[in-house]
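Structure first, commentary second.
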Amino acid sequence: MRRWNFIAVLIAALIFLPLRVAAADLLLVSTTSTENSGLFSYLLPKFTAATGIKVHVVAVGTGQALKIGERGDADVLLVHDKPSELAFVAAGYGIDRRQVMYNDFVIVGPAADPAGVAKAASATAAFARIRAAKAPFISRGDESGTHKLEGRLWAALDLRPQSGGDGWYRSIGAGMGAALNMAAASDAYTLSDRGTWLSFQNRRNLTVLYDGDPALFNQYALILVNPARHPHVHVTEARRLMDWLISAEGQAAIASFKIGGQSLFIPNYGKETP
Amino acid sequence: MNDFSDAFATALDLMRSFDPAFIEIVALSLKVSVTAVFFAALLGLPLGALLALKKFPGRGIAVVFLNALMGLPPVVVGLVIYLMLSRAGPFGVFGLLYTPTAMIVAQTVLVLPIIAAIARQTIADLHTEYADQLKSLGAREGQMILTLLAEGRSSLLTALLAGFGRAIAEVGAVMVVGGNIDHYTRTMTTAIALETSKGNLSLAMALGMLLILLTIAVNAAAFGLRRRFSLLGGAS
């Protein structure tokens, strides 16, 4: 019988161990691109050491992040789709939008480059070549910042590619990593932010075929969820995080985050953007 | 095959290193799923017994409904719990979204139908076998339920294990309501999903192997428990 008591105590202990309550911790909802690259596990310990504030990060696409903010389930957002961010602020869901850092998007595809994307003169020209060659293209299809930029590039060509059957255009409704995994497995093209690309480890035949067009500029901005609408928002802690990220210390920390000697994000608070 | 040998080596390293971050993830997975099974059993066993023993109009429909709920899609359960716990939802004031508690709630909802349905079947079968005997002994309803639950403990343990298997393996619900927060709501399954999306396939696969190992360990413990049970159970 003694063994029984032991097992019962073990189970009870497992169940009733106090569940940590998140009341004082800050909830930052951000994009998969920033989380998957490892930026937060690099930056946030520095912030916590400086302020004692713990930050929880939930990583989703920009569209979903804004939706979470709208419902009041986040304190701060760090997202990357200017048009929808401005609409979010204009609708009163968020305040105090601050542009904090940028990187760029790249068009990746199979090294053999059957569509000749590497020879393209612009990002839209590269997309036109993919379309002309009917080369397989993986679209995020998830209303993320990356997906929205992709939509604008197709729109500039007056194109609205539709996913279906075994067609060349495949809308997968998933995160950047899933899109890259799929492109790698099927020798397809896709649009990726540079941060996720640099930290991605399952590249197989994929390589960067096109970059450098100003149209591929990728600005990240902080937005505070409007405390007037959601009184439970941790305003003080949230503002300290926002202030720290734009401070000289925070901006330097962002710049010092590198993979293979390359910076993934370039701080640009208070600077003109292209 | 290289992929799998890499994964195997990574899994061994993870186990040997006792990496605290890894232990934390395993502990949270166990804690969330075991707690969910505990509460699901607390609600599901009596519910199953009631459905087996009480006669009421529409019982057949209720049973079909309960059995169908065993196939609840985790991501849908996640979404429903998300909408309930969201600040904009009916239970928003508690601020439970993106906490381990939210994950336990979601998994309890997922596991409850499995435990209740298997319990109902077990007790219904035992009841047809023993009803007359128990009645002739003058057992009241409450005593009857307890006797039948005790009699069916072996099948009921299987119900708990089936529930645990579902909980520990699912990713859809805990991802939506837990948010996969590092050092807070990251479980084995959400960590596997994350590493896969980073293209870190060998680590993802290694975590997968360890998750399977963990499930085997829990089932082995239950097997030992069951043997113990039947020994202590005596005559039956």
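Letters A, B, ... mark the chains of the structure tokens in the order given; residue numbers begin at 1 per chain; ligand numbers begin at 1, in order shown.
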
Could you tell me which residues of chain A sit within 7 Å of chain B when counting only C-alpha atoms, and give me the result as a count of residues only? 15

Excluding Leu245 in chain A and its own-chain neighbours fewer than 3 positions away, which residues fall within 10 Å of it when counting only C-alpha atoms? Please give them as a PyMOL selection string. chain A and resi 43-44+47+98+100-101+222+239-242+248-254+267+269

Would you mind exporting the chosen residues as a short mmCIF file (atom, residue, chain, number, x, y, z; two decimals), in the first residue's frame, restricted to all heavy atoms?
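Okay, this is what ended up in again.cif:
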data_model
loop_
_atom_site.label_atom_id
_atom_site.label_comp_id
_atom_site.auth_asym_id
_atom_site.auth_seq_id
_atom_site.Cartn_x
_atom_site.Cartn_y
_atom_site.Cartn_z
N LEU A 43 17.33 39.33 -27.42
CA LEU A 43 17.07 40.69 -26.90
C LEU A 43 16.45 40.72 -25.50
O LEU A 43 16.87 41.49 -24.63
CB LEU A 43 16.08 41.41 -27.83
CG LEU A 43 16.58 42.09 -29.08
CD1 LEU A 43 15.41 42.86 -29.70
CD2 LEU A 43 17.72 43.05 -28.76
N LEU A 44 15.43 39.88 -25.31
CA LEU A 44 14.60 40.05 -24.12
C LEU A 44 15.33 39.80 -22.80
O LEU A 44 15.06 40.50 -21.82
CB LEU A 44 13.32 39.21 -24.24
CG LEU A 44 12.41 39.72 -25.36
CD1 LEU A 44 11.18 38.85 -25.51
CD2 LEU A 44 11.99 41.18 -25.12
N PHE A 47 16.71 43.02 -21.84
CA PHE A 47 15.69 43.93 -21.34
C PHE A 47 15.28 43.55 -19.92
O PHE A 47 15.16 44.41 -19.03
CB PHE A 47 14.47 43.91 -22.27
CG PHE A 47 13.27 44.62 -21.72
CD1 PHE A 47 13.25 46.00 -21.62
CD2 PHE A 47 12.17 43.90 -21.27
CE1 PHE A 47 12.14 46.67 -21.10
CE2 PHE A 47 11.07 44.55 -20.75
CZ PHE A 47 11.05 45.93 -20.66
N ARG A 98 5.55 53.07 -33.30
CA ARG A 98 6.94 53.51 -33.45
C ARG A 98 7.69 52.55 -34.36
O ARG A 98 7.75 51.35 -34.09
CB ARG A 98 7.65 53.53 -32.11
CG ARG A 98 6.98 54.39 -31.07
CD ARG A 98 7.75 54.32 -29.78
NE ARG A 98 6.97 54.83 -28.66
CZ ARG A 98 7.41 54.84 -27.41
NH1 ARG A 98 8.61 54.36 -27.12
NH2 ARG A 98 6.66 55.32 -26.44
N VAL A 100 10.79 50.73 -35.54
CA VAL A 100 11.91 50.41 -34.67
C VAL A 100 13.08 49.76 -35.39
O VAL A 100 14.24 49.95 -35.03
CB VAL A 100 11.40 49.56 -33.48
CG1 VAL A 100 10.81 48.25 -33.95
CG2 VAL A 100 12.49 49.31 -32.47
N MET A 101 12.81 48.99 -36.44
CA MET A 101 13.91 48.33 -37.16
C MET A 101 13.38 47.84 -38.51
O MET A 101 12.18 47.84 -38.76
CB MET A 101 14.42 47.13 -36.35
CG MET A 101 13.38 46.06 -36.18
SD MET A 101 13.90 44.76 -35.04
CE MET A 101 12.62 43.55 -35.33
N LEU A 222 6.42 48.98 -33.52
CA LEU A 222 5.79 48.66 -32.24
C LEU A 222 4.46 49.40 -32.15
O LEU A 222 4.37 50.55 -32.58
CB LEU A 222 6.67 49.14 -31.09
CG LEU A 222 7.98 48.39 -30.83
CD1 LEU A 222 8.90 49.27 -30.01
CD2 LEU A 222 7.70 47.08 -30.13
N ARG A 239 5.32 50.36 -21.99
CA ARG A 239 6.04 51.55 -22.42
C ARG A 239 7.54 51.42 -22.15
O ARG A 239 8.37 51.91 -22.90
CB ARG A 239 5.49 52.80 -21.72
CG ARG A 239 4.19 53.25 -22.31
CD ARG A 239 4.11 54.79 -22.27
NE ARG A 239 2.75 55.25 -22.55
CZ ARG A 239 2.27 55.43 -23.77
NH1 ARG A 239 3.03 55.18 -24.81
NH2 ARG A 239 1.04 55.84 -23.95
N ARG A 240 7.87 50.76 -21.05
CA ARG A 240 9.30 50.58 -20.76
C ARG A 240 9.96 49.72 -21.83
O ARG A 240 11.08 49.97 -22.25
CB ARG A 240 9.49 49.95 -19.38
CG ARG A 240 9.19 50.97 -18.28
CD ARG A 240 9.61 50.48 -16.93
NE ARG A 240 11.06 50.46 -16.74
CZ ARG A 240 11.65 50.09 -15.62
NH1 ARG A 240 10.91 49.70 -14.60
NH2 ARG A 240 12.95 50.09 -15.52
N LEU A 241 9.23 48.69 -22.28
CA LEU A 241 9.79 47.85 -23.36
C LEU A 241 9.95 48.67 -24.64
O LEU A 241 10.99 48.62 -25.30
CB LEU A 241 8.87 46.65 -23.63
CG LEU A 241 9.31 45.77 -24.81
CD1 LEU A 241 10.65 45.10 -24.52
CD2 LEU A 241 8.26 44.71 -25.14
N MET A 242 8.92 49.46 -24.97
CA MET A 242 8.98 50.26 -26.19
C MET A 242 10.11 51.28 -26.08
O MET A 242 10.88 51.47 -27.03
CB MET A 242 7.63 50.96 -26.43
CG MET A 242 6.50 49.97 -26.71
SD MET A 242 4.86 50.72 -26.72
CE MET A 242 4.80 51.40 -28.39
N ALA A 248 19.22 54.01 -27.21
CA ALA A 248 20.51 53.70 -27.81
C ALA A 248 20.92 52.27 -27.47
O ALA A 248 21.41 51.52 -28.32
CB ALA A 248 21.56 54.69 -27.31
N GLU A 249 20.67 51.90 -26.23
CA GLU A 249 21.03 50.55 -25.79
C GLU A 249 20.26 49.47 -26.56
O GLU A 249 20.83 48.50 -27.05
CB GLU A 249 20.73 50.44 -24.29
CG GLU A 249 21.27 49.19 -23.63
CD GLU A 249 20.72 49.03 -22.21
OE1 GLU A 249 20.12 49.98 -21.67
OE2 GLU A 249 20.90 47.93 -21.66
N GLY A 250 18.94 49.67 -26.67
CA GLY A 250 18.10 48.70 -27.35
C GLY A 250 18.43 48.61 -28.83
O GLY A 250 18.52 47.53 -29.40
N GLN A 251 18.62 49.79 -29.45
CA GLN A 251 18.92 49.81 -30.88
C GLN A 251 20.27 49.13 -31.16
O GLN A 251 20.42 48.40 -32.14
CB GLN A 251 18.92 51.26 -31.40
CG GLN A 251 17.55 51.91 -31.32
CD GLN A 251 16.69 51.70 -32.56
OE1 GLN A 251 16.98 52.22 -33.61
NE2 GLN A 251 15.64 50.90 -32.43
N ALA A 252 21.22 49.35 -30.24
CA ALA A 252 22.53 48.69 -30.41
C ALA A 252 22.38 47.17 -30.24
O ALA A 252 23.02 46.39 -30.95
CB ALA A 252 23.52 49.24 -29.39
N ALA A 253 21.50 46.77 -29.32
CA ALA A 253 21.30 45.34 -29.10
C ALA A 253 20.70 44.69 -30.35
O ALA A 253 21.09 43.59 -30.75
CB ALA A 253 20.38 45.12 -27.90
N ILE A 254 19.76 45.40 -30.99
CA ILE A 254 19.16 44.86 -32.22
C ILE A 254 20.24 44.69 -33.29
O ILE A 254 20.32 43.66 -33.96
CB ILE A 254 18.04 45.81 -32.74
CG1 ILE A 254 16.84 45.79 -31.79
CG2 ILE A 254 17.61 45.41 -34.15
CD1 ILE A 254 15.78 46.84 -32.09
N PRO A 267 18.43 48.53 -36.89
CA PRO A 267 17.63 49.49 -36.12
C PRO A 267 17.47 50.79 -36.92
O PRO A 267 18.42 51.23 -37.56
CB PRO A 267 18.46 49.71 -34.86
CG PRO A 267 19.84 49.32 -35.22
CD PRO A 267 19.73 48.25 -36.25
N TYR A 269 15.01 53.52 -35.63
CA TYR A 269 14.05 54.40 -34.97
C TYR A 269 14.39 55.85 -35.26
O TYR A 269 15.54 56.28 -35.14
CB TYR A 269 14.01 54.18 -33.47
CG TYR A 269 13.11 55.18 -32.78
CD1 TYR A 269 11.73 55.10 -32.94
CD2 TYR A 269 13.64 56.22 -32.02
CE1 TYR A 269 10.90 56.02 -32.37
CE2 TYR A 269 12.79 57.15 -31.43
CZ TYR A 269 11.42 57.04 -31.61
OH TYR A 269 10.60 57.96 -31.05
#

Would you list the contacts of range 158-172 of chain B as a ChimeraX atom specification, taking every protein, DNA or RNA residue within 9 Å and counting only C-alpha atoms, but skipping same-chain residues closer than 2 positions in sequence? /B:29-30,32-34,36-38,40-41,73-78,107-108,110-119,153-156,174-177,187-190,193,211-212,215,218-219,222

Give me, as a ChimeraX atom specification, all polymer residues having an atom no more than 10 Å from range 63-67 of chain A, counting only C-alpha atoms and skipping those fewer than 5 positions away in the same chain. /A:28-31,58,72-74,76-81,84-85,88,93-94,142-145,147-148,223,225

Near range 187-196 of chain A, counting only C-alpha atoms, which residues have an atom at most 8 Å away, once you skip same-chain residues fewer than 3 positions from it, shown as a PyMOL selection string? (chain A and resi 33-34+36-37+103-110+130+135-139+146+150+176-177+179-180+182-184+199-200+205-206+218+264-265) or (chain B and resi 198)

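CA of Arg226 in chain B lies 19.8 Å from CA of Leu213 in chain B.
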
Quick one: residues within 12 Å of Ala132 in chain A, only C-alpha atoms, excluding same-chain residues fewer than 6 positions away - as JSON, numbers by chain? {"A": [114, 115, 116, 117, 125, 126, 157, 159, 161, 168, 169]}

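The spacing separating CA of Pro46 in chain B from CA of Gln133 in chain B amounts to 21.6 Å.
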
So that I can check the secondary structure, give me every residue of range 39-272 of chain A assigned strand (DSSP E) by backbone DSSP, as a ChimeraX atom specification. /A:55-60,76-79,94-110,137-139,169-171,189-193,206-210,217-225,258-259,262-263,266-267

One residue among B:Gln121, B:Asp3, B:Ile81, B:Ala11 is nearest to Gly208 in chain B when using only C-alpha atoms, and that residue is B:Ala11

Helix (DSSP H, G or I) call set, DSSP backbone run, range 70-248 of chain A, as a PDB file with C-alpha atoms, in the first residue's frame:
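Result saved to selection_2.pdb:
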ATOM      1  CA  GLU A  70      -7.934  44.277 -31.339  1.00  0.00           C
ATOM      2  CA  LYS A  82       2.422  49.432 -42.566  1.00  0.00           C
ATOM      3  CA  PRO A  83      -0.961  49.809 -44.335  1.00  0.00           C
ATOM      4  CA  SER A  84      -2.792  47.511 -41.921  1.00  0.00           C
ATOM      5  CA  GLU A  85      -0.887  48.946 -38.923  1.00  0.00           C
ATOM      6  CA  LEU A  86      -2.039  52.460 -39.806  1.00  0.00           C
ATOM      7  CA  ALA A  87      -5.610  51.204 -40.225  1.00  0.00           C
ATOM      8  CA  PHE A  88      -5.337  49.486 -36.820  1.00  0.00           C
ATOM      9  CA  VAL A  89      -4.218  52.721 -35.155  1.00  0.00           C
ATOM     10  CA  ALA A  90      -6.790  54.802 -37.038  1.00  0.00           C
ATOM     11  CA  VAL A 117      14.443  35.197 -61.487  1.00  0.00           C
ATOM     12  CA  ALA A 118      18.091  36.091 -60.859  1.00  0.00           C
ATOM     13  CA  LYS A 119      18.140  38.070 -64.119  1.00  0.00           C
ATOM     14  CA  ALA A 123      10.849  42.422 -57.698  1.00  0.00           C
ATOM     15  CA  THR A 124       7.734  42.688 -59.850  1.00  0.00           C
ATOM     16  CA  ALA A 125       9.729  41.621 -62.914  1.00  0.00           C
ATOM     17  CA  ALA A 126      10.910  38.601 -60.936  1.00  0.00           C
ATOM     18  CA  PHE A 127       7.313  37.711 -60.110  1.00  0.00           C
ATOM     19  CA  ALA A 128       6.368  38.201 -63.783  1.00  0.00           C
ATOM     20  CA  ARG A 129       9.050  35.686 -64.765  1.00  0.00           C
ATOM     21  CA  ILE A 130       7.762  33.134 -62.257  1.00  0.00           C
ATOM     22  CA  ARG A 131       4.265  33.626 -63.632  1.00  0.00           C
ATOM     23  CA  ALA A 132       5.435  33.377 -67.257  1.00  0.00           C
ATOM     24  CA  ALA A 133       7.349  30.159 -66.559  1.00  0.00           C
ATOM     25  CA  GLY A 145       2.893  40.917 -43.471  1.00  0.00           C
ATOM     26  CA  THR A 146       4.840  38.796 -45.957  1.00  0.00           C
ATOM     27  CA  HIS A 147       1.658  37.571 -47.612  1.00  0.00           C
ATOM     28  CA  LYS A 148       0.310  41.098 -47.877  1.00  0.00           C
ATOM     29  CA  LEU A 149       3.493  42.347 -49.550  1.00  0.00           C
ATOM     30  CA  GLU A 150       3.311  39.417 -51.947  1.00  0.00           C
ATOM     31  CA  GLY A 151      -0.260  40.415 -52.787  1.00  0.00           C
ATOM     32  CA  ARG A 152       0.856  43.977 -53.530  1.00  0.00           C
ATOM     33  CA  LEU A 153       3.598  42.714 -55.867  1.00  0.00           C
ATOM     34  CA  TRP A 154       1.121  40.595 -57.838  1.00  0.00           C
ATOM     35  CA  ALA A 155      -1.339  43.492 -57.846  1.00  0.00           C
ATOM     36  CA  ALA A 156       1.342  45.736 -59.385  1.00  0.00           C
ATOM     37  CA  MET A 176       7.245  31.421 -43.064  1.00  0.00           C
ATOM     38  CA  GLY A 177       9.104  28.319 -41.908  1.00  0.00           C
ATOM     39  CA  ALA A 178       6.404  26.004 -43.250  1.00  0.00           C
ATOM     40  CA  ALA A 179       6.475  27.857 -46.582  1.00  0.00           C
ATOM     41  CA  LEU A 180      10.275  27.498 -46.779  1.00  0.00           C
ATOM     42  CA  ASN A 181      10.092  23.800 -45.868  1.00  0.00           C
ATOM     43  CA  MET A 182       7.561  23.288 -48.626  1.00  0.00           C
ATOM     44  CA  ALA A 183       9.519  25.303 -51.181  1.00  0.00           C
ATOM     45  CA  ALA A 184      12.650  23.314 -50.288  1.00  0.00           C
ATOM     46  CA  ALA A 185      10.824  20.022 -50.702  1.00  0.00           C
ATOM     47  CA  SER A 186       9.168  20.917 -54.007  1.00  0.00           C
ATOM     48  CA  ARG A 194      15.617  37.832 -44.656  1.00  0.00           C
ATOM     49  CA  GLY A 195      15.636  37.096 -40.917  1.00  0.00           C
ATOM     50  CA  THR A 196      13.742  33.832 -41.228  1.00  0.00           C
ATOM     51  CA  TRP A 197      15.758  32.889 -44.310  1.00  0.00           C
ATOM     52  CA  LEU A 198      19.110  33.415 -42.578  1.00  0.00           C
ATOM     53  CA  SER A 199      18.119  31.345 -39.580  1.00  0.00           C
ATOM     54  CA  PRO A 214      13.272  49.074 -52.422  1.00  0.00           C
ATOM     55  CA  ALA A 215       9.834  47.489 -52.893  1.00  0.00           C
ATOM     56  CA  LEU A 216      11.128  44.624 -50.728  1.00  0.00           C
ATOM     57  CA  VAL A 235       0.839  50.213 -19.902  1.00  0.00           C
ATOM     58  CA  THR A 236       3.810  51.001 -17.656  1.00  0.00           C
ATOM     59  CA  GLU A 237       5.704  47.808 -18.470  1.00  0.00           C
ATOM     60  CA  ALA A 238       4.758  48.010 -22.144  1.00  0.00           C
ATOM     61  CA  ARG A 239       6.044  51.551 -22.424  1.00  0.00           C
ATOM     62  CA  ARG A 240       9.304  50.577 -20.761  1.00  0.00           C
ATOM     63  CA  LEU A 241       9.786  47.850 -23.364  1.00  0.00           C
ATOM     64  CA  MET A 242       8.980  50.264 -26.193  1.00  0.00           C
ATOM     65  CA  ASP A 243      11.278  52.911 -24.728  1.00  0.00           C
ATOM     66  CA  TRP A 244      14.065  50.394 -24.272  1.00  0.00           C
ATOM     67  CA  LEU A 245      13.813  49.081 -27.841  1.00  0.00           C
ATOM     68  CA  ILE A 246      14.182  52.589 -29.268  1.00  0.00           C
ATOM     69  CA  ALA A 248      20.513  53.705 -27.813  1.00  0.00           C
TER      70      ALA A 248
END

Residue neighbourhood Leu126 in chain B, 8 Å, only C-alpha atoms, exclusion window fewer than 6 positions, as an NGL selection string: :B and (148 or 151-152)

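Going from CA of Asp6 in chain B to CA of Glu35 in chain A covers 24.8 Å.
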